[in-house]
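Colleague: The following block contains the structure, expressed as structure tokens.
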Amino acid sequence: YCDAHKVAELYLNPFIYYPCCYLETAQALRTLAQAARGVAASTKEPQASAAMLDSAQCVMEGSAMLIHEAHQALVHPGDAESQQRLAQVAKAVSHSLNNCVNCLPGQKDVDMALRSIGEASKKLLVDFLPPCSKTFQEAQTDLNHTAAELNHSAGEVVHSSRGTSSQLAAASGKFSQDFDEFLDAGIEMAGHTQSQEDQIQVIGNLKNISMASSKLLLAAKSLSVDPGAANAKNLLAVAARAVTESINQLITLCTQQAAGQRECDNALRELEAVRGLLDNPNEPVSELSYFDCIESVMENSKVLGESMAGISQHCKTGDVVAFGESVGLASKALCGLTEAAGQASYLVGVSDPNSQSGHEGLVDPIQFAKAHQAIQMACQNLVDPASSPSQVLSAATIVAKHTSALCNACRLASSKTSNPVARRQFVQSAKEVANTTANLVKTIKALDGDFSEENRNRCRVATTPLLEAVENLSTFASNPEFASIPAQISSEGSAAQEPIVRSARSMLDSSTYLIETARSLVLNPKDPPTWSILAGHSRTVSDSIKSLITSIRDKAPGQRECDYSIDSINKCIRDIEQASLAAVGQTLPCRDDISMEALQEQLTSSVQEIGHLIDPVSTVARGEAAQLGHKVTQLASYFDPLIVASVGLASKLHDHQQQMTILDQTKTLSESALQMLYAAKEGGGNPKASHTHDAISEAAQLMREAVDDIMVTLNEAASEGGMVGGMVESIAESMGRVGVLTYVFVVFMVCHQMTKSVTCPEELGGLASQVTVDYGQLSHQGRLAAATAEPEEVGFQIKTRVQELGHGCIYLVQKAGALQLSPTDSFSKRELIECARAVTEKVSLVLSALQAGNKGTQACITAASAVSGIIADLDTTIMFASAGTLNPENEESFADHRESILKTAKTLVEDTKLLVAGAASSQEKLAQAAQSSAKTITQLTEVVKLGATSMGSEDPETQVVLINAVRDVAKALAELIGATKCAAGKPADDPSMYQLKGAAKVMVTNVTSLLKTVKAVEDEATRGTRALEATIECIKQELTVFQSKDVPDKSTSPEEFTRMTKGITLATAKAVAAGNSAQQEDVIATANLSRKAISDMLTTCKQAAHHPEVGEELRNRALQYGSECTTGYINLLEQVLQVLQKPTLEQKQQLAVHSKHVAACVTELVQTAEAMKGSDCVDPEDPTVIAETELLGAAASIEAAAKKLEQLKPRAKPKQADETLDFEEQILEAAKSIAAATSALVKSASAAQRELVAQGKVGSNLANAVDDGQWSQGLISAARMVAAATSNLCEAANASVQGHASEEKLISSAKQVAASTAQLLVACKVKADQDSEAMRRLQAAGNAVKRASDNLVKAAQKAAFDKSEDDSVVVKTKFVGGIAQIIAAQEEMLRKERELEEARKKLAQIRQQQYKFLPSELREDEG
């Protein structure tokens, strides 16, 4: 049938399915012919043999006609008549196939049973029931007896469907006979009903039982034909449960037994129905995981225990109503226990490594079968003339519910399948079901308004196409191509299942006996032997449940396999350790039976396979217990060849370092895998064991790093020898996992480097290895790019171009290997360059395909960048406006710009709608919407700026209000663009879509606020109020961002946090003043100030709270009080708003209350900031702290100067200047000594100052605060002077060495260093203990500075004296020239004397001025 269905759909996509479907159909027909002949030969009845051959002949003839019509449809694809003939022929072939199947042994008997049930069910279609022939009690007894027989026969049908055809035939006949008797009993019982409505309900239940019975026989028939069909067993179990449930509903409706009897009978039938779940559990019973099964068993066992106690207690007290409720609860609990046990046993069996796990199908046949049956029953009730209005509405609800579920299932199936024909068929089927359902709902609404015969006929007609559509959809969904693959349980897995199944069966048996005993005991509670029997059954039930729980826990999937794998890897680690010891001792035997390249390929293959299993093992360890055993066993199996290959490769390496690297990295990989197995065993596949998930993730990351390290080493070793086979295989494998973007640029850069490295072949190995790694990451990172690209052609283009890039990388790596083997071959060099150029071109093609695929996302990024620039420009404009410098260039008013602002704002709202809609549409539309919104916000910003400028600088606060309003809009648009980018292409229930909706709401709110501000800005009576309202809304939005879980990009210091809280205090005072004055100008100023103060506080609060050194408790405290402070300030501003609207004394008094609350929150924030500083931090305004900071700063400055001197070299001089070279070296040494000594001096001064603080001589005592401050200022100035003098000395030394300065400047600088050093010593001695260790170090440091300065001065003076001696004077011989020479020398002497006198006066003045600012201690000391 499935092949016929494919052929019928050939015309939809002939290029894909034309050859394969014909071949599959021909092969299937050949197999069918052989099977038909075999069945006919083995059948003893000649008539049955002939029927089989005839039906097979009909199939062959119909298939030939089908292929012919399919060919005609292909030749004339637009011919509707050809397509209609094709569909008719396909239906005929399907009918012939059904007839052929019905001819199989046993199938005919099932068909006869089905026809018998159909004929018997016609008794329910009569208008009047036959007269009753029995009494009510006899009819009730008869109904109970036949119900029990029918339920038992249903169980026999289930069992026989797995047996021989004769057993199924006998069971089907017995079932149809029992159904006939049950139907007669039900009709008899319906005749005894008291009202017409009750009779209609009884007949309706009988019809449901008839339909459920037919479904049961059909499911049994399907299972007997194909026992290995996916979900066939579960479909049969569902049908049997449906028969039992419908029987129980009828019994509950009809019988009037003694209290408690009906509930016991229903419970017994339910237990009988679920017993089949324990027979050969090789299919999943439910979607429960193994640990969900354990929880279900625990919960249901608790309910069962309470129910059993209730049964016993209510039997004693005679409370039969409560007894019935307890029996019902016990029945539900037992069914739940049985289902959990069946699912757990299936998971245990399938988790065995020797078992083959099944695979989930494209659709769930059980869901389709249940929906189909429910829709059939509901439609039957709809068309029943006796149905009441309430029944019609109930049936309509059922139809709508199940058709909606079917449409959703089709949507999911179409998104999962890669078969375009199947995808199209699922979509088309869903549309047919949805359309026919909509038509049926219209007729039902008309029927609900008027229950006329005409409306009922319309409703009946509307149900027919719906049932046909659902029938076609169910038939199509039953295609084996979409079915799941059942698991194959091994003998070991079956043995592991046995304890669970045995305990569950014992529980069901003992529970059945217990309920039967309780049923008789409730009628005769005074019977002691019966009580003893009940107690015995209760103990048996309890023991079996305990055994069940123990068995399930002991057989947890994967635990045994984890232990085996751990032992195996431990053995591997011991082997690698022995090899490492042998390598250290140079005794590792070399393997001569295999080549080095083969060992390397074996090792590379093992490492790659291990790397591929990291994510699967991590996944199953977190939540797939059934697959844990398979994955860990598979992972451990690769470590034996890994160790063998690693040791073998190390034995062939001549470099000892390479040997140890390979062995150590192999050991690291083995140890990380061992850690992974321990974590996986602890996790056990339990999704609720969240405490183990972090350890699993950490172990997985360690394994990835170990795999990457060893792969890099292997690739480098291989490339050094020109062996690129492993790299080529790695790239080829990555080509199957196409993905893009992040590493495209890396590949491009490596290719560029390869082109440059043709002259250095030894570098090619590492570059080839890098290309391999980067292409692998490239193919992995962007896997979704091709899948999510719109349209599909772009995705196909991305995939194709990335694969072409992979081919280019393969050629490139191969050519690199060839060049390494022949470094001087010019032909190989030329080929490598050509390959690199080709790869570069393919990289550009990949990038162009990516840009075409994410045009909308790129546009969003560009738009967001543009909006960020607009926000920065607005901040600058706000600064100009606040300074009162935003003046108009011409005579214009705000009214000239109002309409432009309003019009542009409305355009932005429309763009916003398109932007939000673009997230769910194509990339093209998203790009257009993003570009349009960025353009519109630019225009809006310009017109608002023009409008604010036109208001003049006389009212800067109003200008700021207006610009702030458009800034809020721009900020909201930036958030909206970001949310749209994240939500693009996501489903409607994705969290990013909710963020998009929230951002859109904020955007609309801010645009509305802008419009209100624009309208009120010229109204002096309301613009303050409007500004305050906008500020309150802005602060609320800032608070929302503050309370989000997003971590700020950077952190800030507690001191900055404390400083920002001062703005809140100022803004609070201004807000209270504005509320009391009720002046609009004050309110505007308050609004502007509040906005900035709160924004700055929230930003710094969050940044300080997320500082790496801030603990969790302090972080939460800071965030809490930040939120409370902001909330309190919002309340304060809202109170100011109320005062403006209703300025009463009571309202104004509330301002003080709110301001006190804000002040209290600010105090808490400051205390929190102080706590963030820790015990080592002090008040930054403390003078002693400033002194210490300046001392350390001076030391740092001096150290920097010393480093500068270290870098100085004497300039090159001619040979005849050797004496000068010695002098320059002497200068440099002396300057370096001074720099080092002053650095030690300042550090010693800092230590001395700390000592003073520790001794209490300098501190926070208020009485000495002024003096301490003066002392600290003296110490600061002295430290600064030392640093400045040392810096000048370094510059003078440098200039002197380079020949740009005189020795006098160097001498002056050295003397200044000595003088400032003395001043620093005096400043430190004022309050210090002369005998302290710090002072001794300080004095020693000062002496060192003085000695170094003296040495430098002496060296410079000697150099100057020597220079003066060397300078010879040339005396002119002529008389006139000699007199002129004397006069010039005297003139120069007088000028020098005058300059010396002026310099002395200037120095005296400088010292006098400095003396005025010295602290008193220094003055006295100097005096």
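By order of appearance in the structure tokens: chains A, B, ..., then residues from 1 within every chain, and ligands from 1 in the order shown.
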Could you give me, as an MDAnalysis selection string, each residue of range 923-1064 of chain A that DSSP assigns to helix (DSSP H, G or I) when run on this structure's backbone?
Modeller: chainID A and resid 923:950 956:983 991:1016 1023:1043 1054:1064
Colleague: What gap, in Å, lies between CA of Val238 in chain A and CA of Leu216 in chain A?
Modeller: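 A separation of 8.5 Å between them.
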Colleague: Using only C-alpha atoms, which protein or nucleic acid residues come within 9 Å of Ala56 in chain A? Drop anything in the same chain fewer than 4 positions from it, and give the result as a list in words.
Modeller: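 After dropping sequence-adjacent residues, the list is Leu32, Ala33, Ala36, Ala51, Met52, Met60, Glu61, Ser96, Leu97, Asn99 and Cys100 of chain A.
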Colleague: If you measure from CA of Ile1084 in chain A to CA of Gly1024 in chain A, what distance in Å do you get, rounded to one decimal?
Modeller: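 Distance reported for this atom pair: 4.8 Å.
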Colleague: Given only C-alpha atoms as the basis, pick out the residue of A:Thr141, A:Thr397, A:Ser538, A:Asn419 nearest to Val441 in chain A.
Modeller: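 Nearest to Val441 in chain A: A:Thr397.
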Colleague: So that I can see what lies close to Val399 in chain A, please list as a PyMOL selection string the residues with an atom at most 7 Å from it, counting only C-alpha atoms and leaving out residues fewer than 3 positions away in the same chain.
Modeller: chain A and resi 375+378+395-396+402-403
Colleague: Using only C-alpha atoms, which protein or nucleic acid residues come within 8 Å of range 498-507 of chain A? Drop anything in the same chain fewer than 2 positions from it, and give the result as a list of chain:residue names.
Modeller: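 Using only C-alpha atoms, the neighbours found are A:Arg275, A:Leu278, A:Leu337, A:Thr338, A:Ala341, A:Gly342, A:Ala344, A:Ser345, A:Ser494, A:Ala495, A:Ala496, A:Asp509, A:Ser510, A:Ser511, A:Thr540, A:Val541, A:Ser544, A:Ile545, A:Ser547, A:Leu548, A:Ser551, A:Ile552.
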Colleague: Produce a file of the selected residues containing N, CA, C and O atoms, as a tab-separated table (two decimals), in the first residue's frame.
Modeller:
chain	number	residue	atom	x	y	z
A	275	ARG	N	-3.16	-6.07	32.51
A	275	ARG	CA	-2.24	-7.19	32.72
A	275	ARG	C	-1.40	-7.44	31.46
A	275	ARG	O	-0.25	-7.88	31.53
A	278	LEU	N	2.37	-6.30	30.78
A	278	LEU	CA	3.54	-6.99	31.33
A	278	LEU	C	3.99	-8.16	30.47
A	278	LEU	O	4.97	-8.83	30.79
A	337	LEU	N	0.66	1.69	38.81
A	337	LEU	CA	1.83	0.87	39.16
A	337	LEU	C	2.19	-0.08	38.03
A	337	LEU	O	3.38	-0.28	37.72
A	338	THR	N	1.18	-0.67	37.42
A	338	THR	CA	1.43	-1.61	36.32
A	338	THR	C	2.06	-0.90	35.13
A	338	THR	O	3.01	-1.40	34.50
A	341	ALA	N	5.62	-0.07	35.99
A	341	ALA	CA	6.45	-1.27	35.98
A	341	ALA	C	6.74	-1.72	34.55
A	341	ALA	O	7.86	-2.12	34.22
A	342	GLY	N	5.72	-1.67	33.67
A	342	GLY	CA	5.93	-2.04	32.27
A	342	GLY	C	6.93	-1.12	31.58
A	342	GLY	O	7.81	-1.58	30.85
A	344	ALA	N	9.25	0.73	33.09
A	344	ALA	CA	10.57	0.53	33.70
A	344	ALA	C	11.22	-0.75	33.17
A	344	ALA	O	12.42	-0.76	32.88
A	345	SER	N	10.44	-1.81	33.02
A	345	SER	CA	11.02	-3.06	32.50
A	345	SER	C	11.47	-2.88	31.05
A	345	SER	O	12.51	-3.42	30.65
A	494	SER	N	16.19	-9.28	28.63
A	494	SER	CA	14.98	-9.97	29.10
A	494	SER	C	15.18	-10.52	30.49
A	494	SER	O	14.26	-10.49	31.34
A	495	ALA	N	16.37	-11.06	30.76
A	495	ALA	CA	16.65	-11.58	32.11
A	495	ALA	C	16.63	-10.46	33.13
A	495	ALA	O	16.17	-10.64	34.27
A	496	ALA	N	17.13	-9.26	32.74
A	496	ALA	CA	17.11	-8.13	33.66
A	496	ALA	C	15.69	-7.63	33.91
A	496	ALA	O	15.37	-7.10	34.98
A	509	ASP	N	-1.96	-10.11	40.81
A	509	ASP	CA	-2.69	-11.30	41.26
A	509	ASP	C	-3.21	-11.11	42.68
A	509	ASP	O	-4.40	-11.35	42.96
A	510	SER	N	-2.33	-10.71	43.56
A	510	SER	CA	-2.76	-10.54	44.96
A	510	SER	C	-3.78	-9.42	45.10
A	510	SER	O	-4.70	-9.50	45.92
A	511	SER	N	-3.66	-8.36	44.28
A	511	SER	CA	-4.65	-7.28	44.34
A	511	SER	C	-6.00	-7.75	43.84
A	511	SER	O	-7.05	-7.35	44.39
A	540	THR	N	0.52	-9.85	51.01
A	540	THR	CA	1.11	-10.24	49.73
A	540	THR	C	1.26	-9.03	48.80
A	540	THR	O	2.28	-8.87	48.11
A	541	VAL	N	0.23	-8.16	48.76
A	541	VAL	CA	0.31	-6.95	47.93
A	541	VAL	C	1.45	-6.05	48.40
A	541	VAL	O	2.26	-5.55	47.59
A	544	SER	N	4.82	-7.60	47.45
A	544	SER	CA	5.10	-7.53	46.01
A	544	SER	C	5.46	-6.10	45.59
A	544	SER	O	6.33	-5.90	44.72
A	545	ILE	N	4.85	-5.10	46.21
A	545	ILE	CA	5.19	-3.71	45.88
A	545	ILE	C	6.59	-3.38	46.37
A	545	ILE	O	7.38	-2.72	45.66
A	547	SER	N	8.97	-5.54	46.70
A	547	SER	CA	9.86	-6.24	45.77
A	547	SER	C	9.97	-5.48	44.44
A	547	SER	O	11.05	-5.39	43.85
A	548	LEU	N	8.85	-4.90	43.99
A	548	LEU	CA	8.85	-4.13	42.75
A	548	LEU	C	9.75	-2.91	42.87
A	548	LEU	O	10.57	-2.62	41.98
A	551	SER	N	13.37	-4.00	42.96
A	551	SER	CA	13.83	-4.47	41.65
A	551	SER	C	14.10	-3.30	40.72
A	551	SER	O	15.10	-3.28	39.99
A	552	ILE	N	13.22	-2.31	40.72
A	552	ILE	CA	13.40	-1.16	39.83
A	552	ILE	C	14.65	-0.38	40.21
A	552	ILE	O	15.44	0.05	39.35
Colleague: What's around Ala706 in chain A at 9 Å? Count only C-alpha atoms, leave out sequence neighbours fewer than 5 positions away in its own chain, and write the answer as number ranges by chain.
Modeller: A: 665-666, 668-670, 672, 701, 711
Colleague: Name all residues at most 9 Å from Ala917 in chain A (count only C-alpha atoms; drop same-chain ones fewer than 5 positions away) and give them as a ChimeraX atom specification.
Modeller: /A:912,925-926,929
Colleague: Those same residues - N, CA and C atoms - I'd like them written as a JSON list (two decimals), in the first residue's frame.
Modeller:
[["chain", "number", "residue", "atom", "x", "y", "z"],
["A", 912, "THR", "N", 7.51, 50.66, 13.91],
["A", 912, "THR", "CA", 7.65, 49.74, 15.04],
["A", 912, "THR", "C", 6.79, 48.50, 14.83],
["A", 925, "LYS", "N", 11.87, 41.23, 4.77],
["A", 925, "LYS", "CA", 10.96, 42.17, 5.43],
["A", 925, "LYS", "C", 11.57, 42.72, 6.71],
["A", 926, "LEU", "N", 12.29, 41.88, 7.43],
["A", 926, "LEU", "CA", 12.94, 42.34, 8.65],
["A", 926, "LEU", "C", 13.97, 43.42, 8.33],
["A", 929, "ALA", "N", 12.18, 46.68, 7.55],
["A", 929, "ALA", "CA", 11.63, 47.30, 8.75],
["A", 929, "ALA", "C", 12.73, 47.94, 9.60]]
Colleague: One number please: CA of Ser404 in chain A to CA of Phe482 in chain A, in Å, one decimal.
Modeller: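 Calculated distance between CA of Ser404 in chain A and CA of Phe482 in chain A is 20.3 Å.
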Colleague: Pick from A:Thr1144, A:Leu1119, A:Glu1055, A:Asn686: nearest to Ser1077 in chain A, with only C-alpha atoms counted?
Modeller: A:Thr1144
